[in-house]
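work-v2.csv follows (CSV, C-alpha atoms):
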```csv
chain,number,residue,atom,x,y,z
A,186,MET,CA,-29.4,-5.9,1.3
A,187,ILE,CA,-30.9,-2.9,-0.5
A,188,ILE,CA,-31.0,-5.0,-3.7
A,189,VAL,CA,-32.9,-7.8,-1.9
A,190,LEU,CA,-35.3,-5.1,-0.5
A,191,LEU,CA,-35.8,-3.7,-4.0
A,192,ILE,CA,-36.6,-7.1,-5.5
A,193,LEU,CA,-38.9,-8.1,-2.7
A,194,SER,CA,-40.8,-4.8,-2.9
A,195,ALA,CA,-41.1,-5.1,-6.7
A,196,ILE,CA,-42.5,-8.6,-6.4
A,197,ALA,CA,-44.9,-7.5,-3.6
A,198,PHE,CA,-46.0,-4.5,-5.8
A,199,PHE,CA,-46.8,-6.9,-8.7
A,200,ILE,CA,-48.6,-9.5,-6.6
A,201,SER,CA,-50.7,-6.9,-4.7
A,202,PHE,CA,-51.6,-5.1,-8.0
A,203,ILE,CA,-52.5,-8.2,-9.9
A,204,TYR,CA,-53.8,-10.8,-7.4
A,205,LEU,CA,-55.6,-8.9,-4.6
A,206,ASP,CA,-59.3,-8.5,-5.4
A,207,LYS,CA,-60.5,-6.2,-2.6
A,208,ILE,CA,-59.9,-2.5,-3.2
A,209,LEU,CA,-58.8,-1.4,0.3
A,210,PRO,CA,-56.1,-4.1,0.9
A,211,ARG,CA,-55.0,-3.8,-2.7
A,212,THR,CA,-54.6,0.0,-2.4
A,213,ILE,CA,-52.7,-0.2,0.9
A,214,CYS,CA,-50.4,-2.9,-0.4
A,215,VAL,CA,-49.8,-1.2,-3.8
A,216,ILE,CA,-49.0,2.1,-2.0
A,217,LEU,CA,-46.6,0.5,0.6
A,218,SER,CA,-44.8,-1.7,-1.9
A,219,GLY,CA,-44.6,1.1,-4.4
A,220,LEU,CA,-43.1,3.4,-1.8
A,221,LEU,CA,-40.6,0.7,-0.9
A,222,VAL,CA,-39.6,0.3,-4.6
A,223,VAL,CA,-39.2,4.1,-5.1
A,224,GLY,CA,-37.4,4.4,-1.7
A,225,SER,CA,-35.0,1.6,-2.5
A,226,LEU,CA,-34.2,3.0,-5.9
A,227,THR,CA,-33.7,6.5,-4.5
A,228,ALA,CA,-31.3,5.1,-1.8
A,229,ILE,CA,-29.3,3.1,-4.3
A,230,VAL,CA,-28.9,6.1,-6.6
A,231,GLY,CA,-28.1,8.4,-3.6
A,232,ASN,CA,-25.4,6.0,-2.4
A,233,TYR,CA,-23.9,5.6,-5.8
A,234,HIS,CA,-24.0,9.3,-6.8
A,235,SER,CA,-23.8,11.2,-3.4
A,236,HIS,CA,-22.5,8.6,-1.0
A,237,PHE,CA,-25.8,8.5,0.9
A,238,GLY,CA,-25.3,6.9,4.3
A,239,MET,CA,-21.6,7.7,4.3
A,240,ASP,CA,-19.2,10.3,5.9
A,241,LYS,CA,-15.8,11.5,4.9
A,242,ILE,CA,-13.2,10.4,7.4
A,243,VAL,CA,-9.6,11.8,7.4
A,244,HIS,CA,-6.7,9.7,8.6
A,245,THR,CA,-3.3,11.5,9.2
A,246,LYS,CA,-0.1,9.7,9.7
A,247,THR,CA,3.4,11.1,10.1
A,248,VAL,CA,6.5,8.9,9.5
A,249,LYS,CA,10.2,9.6,9.5
A,250,ILE,CA,11.9,9.0,6.2
A,251,TYR,CA,15.4,8.4,5.1
A,252,SER,CA,17.5,9.1,2.0
A,253,PRO,CA,17.6,6.4,-0.6
A,254,SER,CA,21.3,7.0,-1.0
A,255,GLY,CA,22.0,6.0,2.6
A,256,ASN,CA,24.5,8.3,4.4
A,257,ALA,CA,26.1,9.4,1.1
A,258,MET,CA,23.8,12.2,0.5
A,259,ASN,CA,20.5,13.5,1.9
A,260,ILE,CA,18.1,13.4,-1.0
A,261,VAL,CA,14.6,12.4,-1.9
A,262,LEU,CA,14.0,11.2,-5.4
A,263,TYR,CA,11.0,11.7,-7.7
A,264,GLN,CA,10.0,10.1,-11.0
A,265,ASN,CA,7.6,11.8,-13.4
A,266,ILE,CA,4.6,9.8,-14.5
A,267,GLY,CA,3.5,10.4,-18.1
A,268,THR,CA,4.8,13.1,-20.3
A,269,SER,CA,3.2,16.2,-18.8
A,270,GLY,CA,5.3,16.2,-15.7
A,271,GLN,CA,2.4,17.1,-13.5
A,272,LYS,CA,2.2,13.8,-11.6
A,273,ASN,CA,5.1,12.1,-10.0
A,274,VAL,CA,6.0,9.5,-7.4
A,275,PHE,CA,8.6,10.1,-4.7
A,276,ILE,CA,11.2,7.5,-3.7
A,277,TYR,CA,12.5,7.2,-0.1
A,278,LYS,CA,13.4,4.7,2.6
A,279,LYS,CA,11.3,3.9,5.7
A,280,HIS,CA,14.3,2.8,7.7
A,281,PRO,CA,18.0,3.7,7.3
A,282,GLU,CA,19.2,0.1,7.0
A,283,ASP,CA,16.6,-0.9,4.4
A,284,THR,CA,17.9,-2.0,1.0
A,285,LYS,CA,14.6,-1.7,-0.7
A,286,MET,CA,13.2,1.7,-1.4
A,287,THR,CA,9.6,2.8,-0.9
A,288,HIS,CA,7.6,5.1,-3.2
A,289,THR,CA,4.4,7.1,-3.0
A,290,GLN,CA,1.3,5.8,-4.7
A,291,ALA,CA,0.7,6.6,-8.4
A,292,ASN,CA,-3.0,7.3,-8.8
A,293,GLU,CA,-5.4,10.1,-9.6
A,294,ALA,CA,-6.3,10.7,-5.9
A,295,THR,CA,-2.7,11.2,-4.7
A,296,THR,CA,-0.9,14.5,-4.7
A,297,ASN,CA,2.7,15.0,-3.5
A,298,LYS,CA,4.1,18.2,-2.0
A,299,VAL,CA,7.6,19.1,-0.8
A,300,ILE,CA,8.0,21.6,2.0
A,301,THR,CA,11.4,22.9,3.2
A,302,SER,CA,11.5,23.0,7.0
A,303,HIS,CA,13.9,23.9,9.8
A,304,ALA,CA,13.6,20.4,11.3
A,305,SER,CA,16.7,18.2,11.7
A,306,SER,CA,15.1,15.1,10.1
A,307,ALA,CA,12.9,14.4,7.1
A,308,LYS,CA,9.3,13.5,7.7
A,309,LEU,CA,6.4,12.4,5.5
A,310,LYS,CA,2.9,13.5,6.5
A,311,ILE,CA,0.1,11.4,4.8
A,312,ASP,CA,-3.5,12.8,4.9
A,313,GLU,CA,-6.0,10.3,3.5
A,314,THR,CA,-9.7,11.1,3.1
A,315,ARG,CA,-11.9,8.1,2.7
A,316,TRP,CA,-15.7,7.3,2.6
A,317,GLN,CA,-16.9,5.3,5.6
A,318,TYR,CA,-20.5,4.2,6.5
A,319,LYS,CA,-22.2,6.3,9.1
A,320,SER,CA,-23.8,3.4,10.9
A,321,GLN,CA,-24.0,-0.4,10.9
A,322,TRP,CA,-27.5,-0.1,9.3
A,323,ALA,CA,-26.1,1.8,6.3
A,324,LYS,CA,-23.3,-0.7,6.0
A,325,PHE,CA,-25.8,-3.6,6.1
A,326,LEU,CA,-27.9,-1.9,3.4
A,327,PHE,CA,-25.2,-0.8,1.0
A,328,GLU,CA,-22.3,-3.3,1.6
A,329,ILE,CA,-22.8,-4.9,-1.8
A,330,ALA,CA,-21.6,-1.6,-3.4
A,331,ASP,CA,-18.2,-2.3,-1.9
A,332,ASN,CA,-17.5,1.4,-1.3
A,333,ASP,CA,-16.6,1.3,2.4
A,334,HIS,CA,-13.2,3.0,3.0
A,335,GLN,CA,-13.0,4.1,-0.7
A,336,LEU,CA,-10.2,6.6,-1.2
A,337,ILE,CA,-11.3,10.2,-2.0
A,338,ARG,CA,-8.0,12.0,-1.7
A,339,ARG,CA,-4.4,11.3,-0.4
A,340,GLU,CA,-1.9,14.1,0.1
A,341,ASN,CA,1.7,13.3,0.8
A,342,GLN,CA,3.6,16.2,2.3
A,343,PHE,CA,7.4,15.8,2.5
A,344,TYR,CA,9.0,18.0,5.2
A,345,LEU,CA,12.6,18.1,4.3
A,346,PRO,CA,15.4,20.0,6.1
A,347,LYS,CA,17.3,22.6,4.1
A,348,SER,CA,20.2,20.3,3.8
A,349,TRP,CA,18.2,17.8,1.7
A,350,LEU,CA,17.9,17.9,-2.1
A,351,LYS,CA,14.9,16.9,-4.3
A,352,LEU,CA,16.3,15.2,-7.4
A,353,SER,CA,14.7,13.4,-10.3
A,354,THR,CA,15.8,9.9,-11.0
A,355,THR,CA,17.4,11.1,-14.2
A,356,GLN,CA,19.4,13.7,-12.2
A,357,ALA,CA,20.4,11.1,-9.6
A,358,LYS,CA,21.7,8.7,-12.4
A,359,GLU,CA,23.7,11.5,-13.9
A,360,LEU,CA,25.1,12.5,-10.5
A,361,LYS,CA,26.1,8.9,-9.9
A,362,LYS,CA,27.7,8.6,-13.3
A,363,ARG,CA,29.7,11.8,-12.7
A,364,ASN,CA,30.7,11.4,-9.0
A,365,GLY,CA,30.2,7.7,-8.4
A,366,PHE,CA,29.4,8.1,-4.7
A,367,ILE,CA,25.6,8.2,-4.5
A,368,GLY,CA,24.3,4.9,-3.4
A,369,ILE,CA,21.2,4.5,-5.5
```
Just dump the structure as C-alpha cells.
Amino acid sequence: MIIVLLILSAIAFFISFIYLDKILPRTICVILSGLLVVGSLTAIVGNYHSHFGMDKIVHTKTVKIYSPSGNAMNIVLYQNIGTSGQKNVFIYKKHPEDTKMTHTQANEATTNKVITSHASSAKLKIDETRWQYKSQWAKFLFEIADNDHQLIRRENQFYLPKSWLKLSTTQAKELKKRNGFIGI
C-alpha cells in the first residue's frame, strides 16, 4: 500500500504544481503532497534498512531427540558444510521409531551448539528470532515487502547426556565399517 500512496502523492504533487492556478490552493496542495512523497519514501527506506514498523519476536521450542543409530549407540551426528569447518548441520531423529533422520538448517542465520548436561535424555532447544509487524496498519502498509516473519537468527542448542557422543558422519562411517553395529 505504501507504493500506491507514493505514486498517488507524486501524481497529486505534479497536478497541483502544474495545473492549479491560484497561489493559496496550489501552495497547500504542493506542500501536502510533497510531504506525502517524502514521508512515503522515508517509510519505505526505513522499513527496508531498519525494519521500521517491525519488532523482533523470539520463539523458543524444546523437543526431545533420539539417536540416529537407534538403540545401538547414543550419538548425534554432524556434517561440516564447506571447507572451513565452521558451519555444520546436525543429524538426529525426532522419534525413536523413525527411519528417516532429521537435520538442522543450513543457512547463514543458524548456529548449532552442543552442551553436555546431567539429564537422562537428549533435547534440542531452538531459539528463533524473527521480524514481525508491530500492528495491522504497519502490515497493511509494508506487506508488499514480504518481510513479515523474516528470520534474523536461529540458535540450536543440543543438550546431550554425558553418555552421548558427538560424531562426524565420516567418523560414524568409519565406526560402522570397523564394528558393523551402528545402525546408520
> Expressed in Å to a single decimal, how great is the separation between atom CA of Tyr344 of chain A and atom CA of Gln356 of chain A?
Replying inline: 20.7 Å
> Using only C-alpha atoms, can you list as a PyMOL selection string the residues within 12 Å of (-21.4, 5.0, 11.6)?
Replying inline: chain A and resi 238-242+316-325+333
Those selected residues, please, written with C-alpha atoms and delivered as a JSON list (two decimals), keeping the file's coordinate frame.
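part-v9.json, freshly written:
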```
[["chain", "number", "residue", "atom", "x", "y", "z"],
["A", 238, "GLY", "CA", -25.30, 6.90, 4.30],
["A", 239, "MET", "CA", -21.60, 7.70, 4.30],
["A", 240, "ASP", "CA", -19.20, 10.30, 5.90],
["A", 241, "LYS", "CA", -15.80, 11.50, 4.90],
["A", 242, "ILE", "CA", -13.20, 10.40, 7.40],
["A", 316, "TRP", "CA", -15.70, 7.30, 2.60],
["A", 317, "GLN", "CA", -16.90, 5.30, 5.60],
["A", 318, "TYR", "CA", -20.50, 4.20, 6.50],
["A", 319, "LYS", "CA", -22.20, 6.30, 9.10],
["A", 320, "SER", "CA", -23.80, 3.40, 10.90],
["A", 321, "GLN", "CA", -24.00, -0.40, 10.90],
["A", 322, "TRP", "CA", -27.50, -0.10, 9.30],
["A", 323, "ALA", "CA", -26.10, 1.80, 6.30],
["A", 324, "LYS", "CA", -23.30, -0.70, 6.00],
["A", 325, "PHE", "CA", -25.80, -3.60, 6.10],
["A", 333, "ASP", "CA", -16.60, 1.30, 2.40]]
```
> If you count only C-alpha atoms, which residues fall within 8 Å of segment 249-261 of chain A, apart from same-chain ones fewer than 2 positions away, as a PyMOL selection string?
Replying inline: chain A and resi 247+263+275-282+286+306-309+348-352+366-369
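Between atom CA of Cys214 of chain A and atom CA of Leu190 of chain A there is a distance of 15.3 Å.
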> Nearest to Leu345 of chain A: which of A:Thr301, A:Asn232, A:Thr287, A:Asn332 is it, counting only C-alpha atoms?
Replying inline: A:Thr301
>> Between atom CA of Ile216 of chain A and atom CA of Val230 of chain A, what distance in Å does the model show, to one decimal?
In response: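 Separation of atom CA of Ile216 of chain A and atom CA of Val230 of chain A: 21.0 Å.
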>> Using only C-alpha atoms, can you tell me which of A:Tyr233, A:Gln264, A:Thr284, A:Leu193 comes closest to Glu328 of chain A?
In response: A:Tyr233
Box dimensions and centre (Å, one decimal) enclosing segment 210-228 of chain A, axis-aligned, 3 Å extra per side, as AutoDock Vina command-line options:
```
--center_x -43.7 --center_y 1.2 --center_z -2.5 --size_x 30.8 --size_y 16.6 --size_z 12.8
```
> Smallest atom-to-atom distance to Ser353 of chain A: which of A:Leu262, A:Val274, A:Ile337, A:Ile329, using only C-alpha atoms?
Replying inline: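 Closest residue, counting only C-alpha atoms: A:Leu262.
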Can you rebuild segment 292-323 of chain A with N, CA and C atoms and give it as a compact mmCIF listing (two decimals), in the coordinates of the input?
```txt
# COMPACT_ATOMS: atom_id res chain seq x y z
N ASN A 292 -1.64 7.32 -8.38
CA ASN A 292 -3.00 7.30 -8.80
C ASN A 292 -3.60 8.68 -8.87
N GLU A 293 -4.80 8.80 -9.38
CA GLU A 293 -5.40 10.10 -9.60
C GLU A 293 -5.72 10.83 -8.26
N ALA A 294 -5.93 10.09 -7.19
CA ALA A 294 -6.30 10.70 -5.90
C ALA A 294 -5.15 11.20 -5.09
N THR A 295 -3.92 10.91 -5.52
CA THR A 295 -2.70 11.20 -4.70
C THR A 295 -2.02 12.46 -5.25
N THR A 296 -1.69 13.37 -4.34
CA THR A 296 -0.90 14.50 -4.70
C THR A 296 0.35 14.53 -3.74
N ASN A 297 1.47 14.97 -4.26
CA ASN A 297 2.70 15.00 -3.50
C ASN A 297 3.16 16.49 -3.41
N LYS A 298 3.68 16.85 -2.24
CA LYS A 298 4.10 18.20 -2.00
C LYS A 298 5.37 18.20 -1.17
N VAL A 299 6.36 19.00 -1.55
CA VAL A 299 7.60 19.10 -0.80
C VAL A 299 7.66 20.44 -0.10
N ILE A 300 7.92 20.41 1.21
CA ILE A 300 8.00 21.60 2.00
C ILE A 300 9.36 21.64 2.72
N THR A 301 10.10 22.72 2.55
CA THR A 301 11.40 22.90 3.20
C THR A 301 11.12 23.36 4.65
N SER A 302 11.72 22.67 5.61
CA SER A 302 11.50 23.00 7.00
C SER A 302 12.80 23.23 7.74
N HIS A 303 12.71 23.67 8.97
CA HIS A 303 13.90 23.90 9.80
C HIS A 303 14.15 22.67 10.69
N ALA A 304 13.46 21.59 10.47
CA ALA A 304 13.60 20.40 11.30
C ALA A 304 14.97 19.73 10.99
N SER A 305 15.39 18.87 11.90
CA SER A 305 16.70 18.20 11.70
C SER A 305 16.54 16.88 10.94
N SER A 306 15.32 16.35 10.85
CA SER A 306 15.10 15.10 10.10
C SER A 306 13.95 15.25 9.14
N ALA A 307 13.96 14.40 8.15
CA ALA A 307 12.90 14.40 7.10
C ALA A 307 11.71 13.63 7.59
N LYS A 308 10.53 14.16 7.28
CA LYS A 308 9.30 13.50 7.70
C LYS A 308 8.32 13.49 6.48
N LEU A 309 7.44 12.53 6.51
CA LEU A 309 6.40 12.40 5.50
C LEU A 309 5.04 12.42 6.27
N LYS A 310 4.19 13.38 5.95
CA LYS A 310 2.90 13.50 6.50
C LYS A 310 1.86 13.02 5.47
N ILE A 311 1.08 11.99 5.78
CA ILE A 311 0.10 11.40 4.80
C ILE A 311 -1.28 11.72 5.35
N ASP A 312 -2.05 12.48 4.58
CA ASP A 312 -3.50 12.80 4.90
C ASP A 312 -4.32 12.00 3.90
N GLU A 313 -5.10 11.05 4.39
CA GLU A 313 -6.00 10.30 3.50
C GLU A 313 -7.44 10.58 3.91
N THR A 314 -8.24 10.89 2.90
CA THR A 314 -9.70 11.10 3.10
C THR A 314 -10.39 9.94 2.43
N ARG A 315 -11.22 9.26 3.18
CA ARG A 315 -11.90 8.10 2.70
C ARG A 315 -13.42 8.16 3.06
N TRP A 316 -14.26 7.44 2.28
CA TRP A 316 -15.70 7.30 2.60
C TRP A 316 -15.81 6.16 3.61
N GLN A 317 -16.66 6.37 4.62
CA GLN A 317 -16.90 5.30 5.60
C GLN A 317 -18.43 5.40 5.96
N TYR A 318 -19.04 4.24 6.15
CA TYR A 318 -20.50 4.20 6.50
C TYR A 318 -20.73 4.88 7.83
N LYS A 319 -21.84 5.61 7.90
CA LYS A 319 -22.20 6.30 9.10
C LYS A 319 -22.63 5.38 10.24
N SER A 320 -23.26 4.27 9.88
CA SER A 320 -23.80 3.40 10.90
C SER A 320 -23.73 1.93 10.39
N GLN A 321 -23.97 1.01 11.29
CA GLN A 321 -24.00 -0.40 10.90
C GLN A 321 -25.21 -0.68 9.99
N TRP A 322 -26.29 0.06 10.18
CA TRP A 322 -27.50 -0.10 9.30
C TRP A 322 -27.15 0.29 7.90
N ALA A 323 -26.47 1.41 7.69
CA ALA A 323 -26.10 1.80 6.30
C ALA A 323 -25.11 0.82 5.73
```
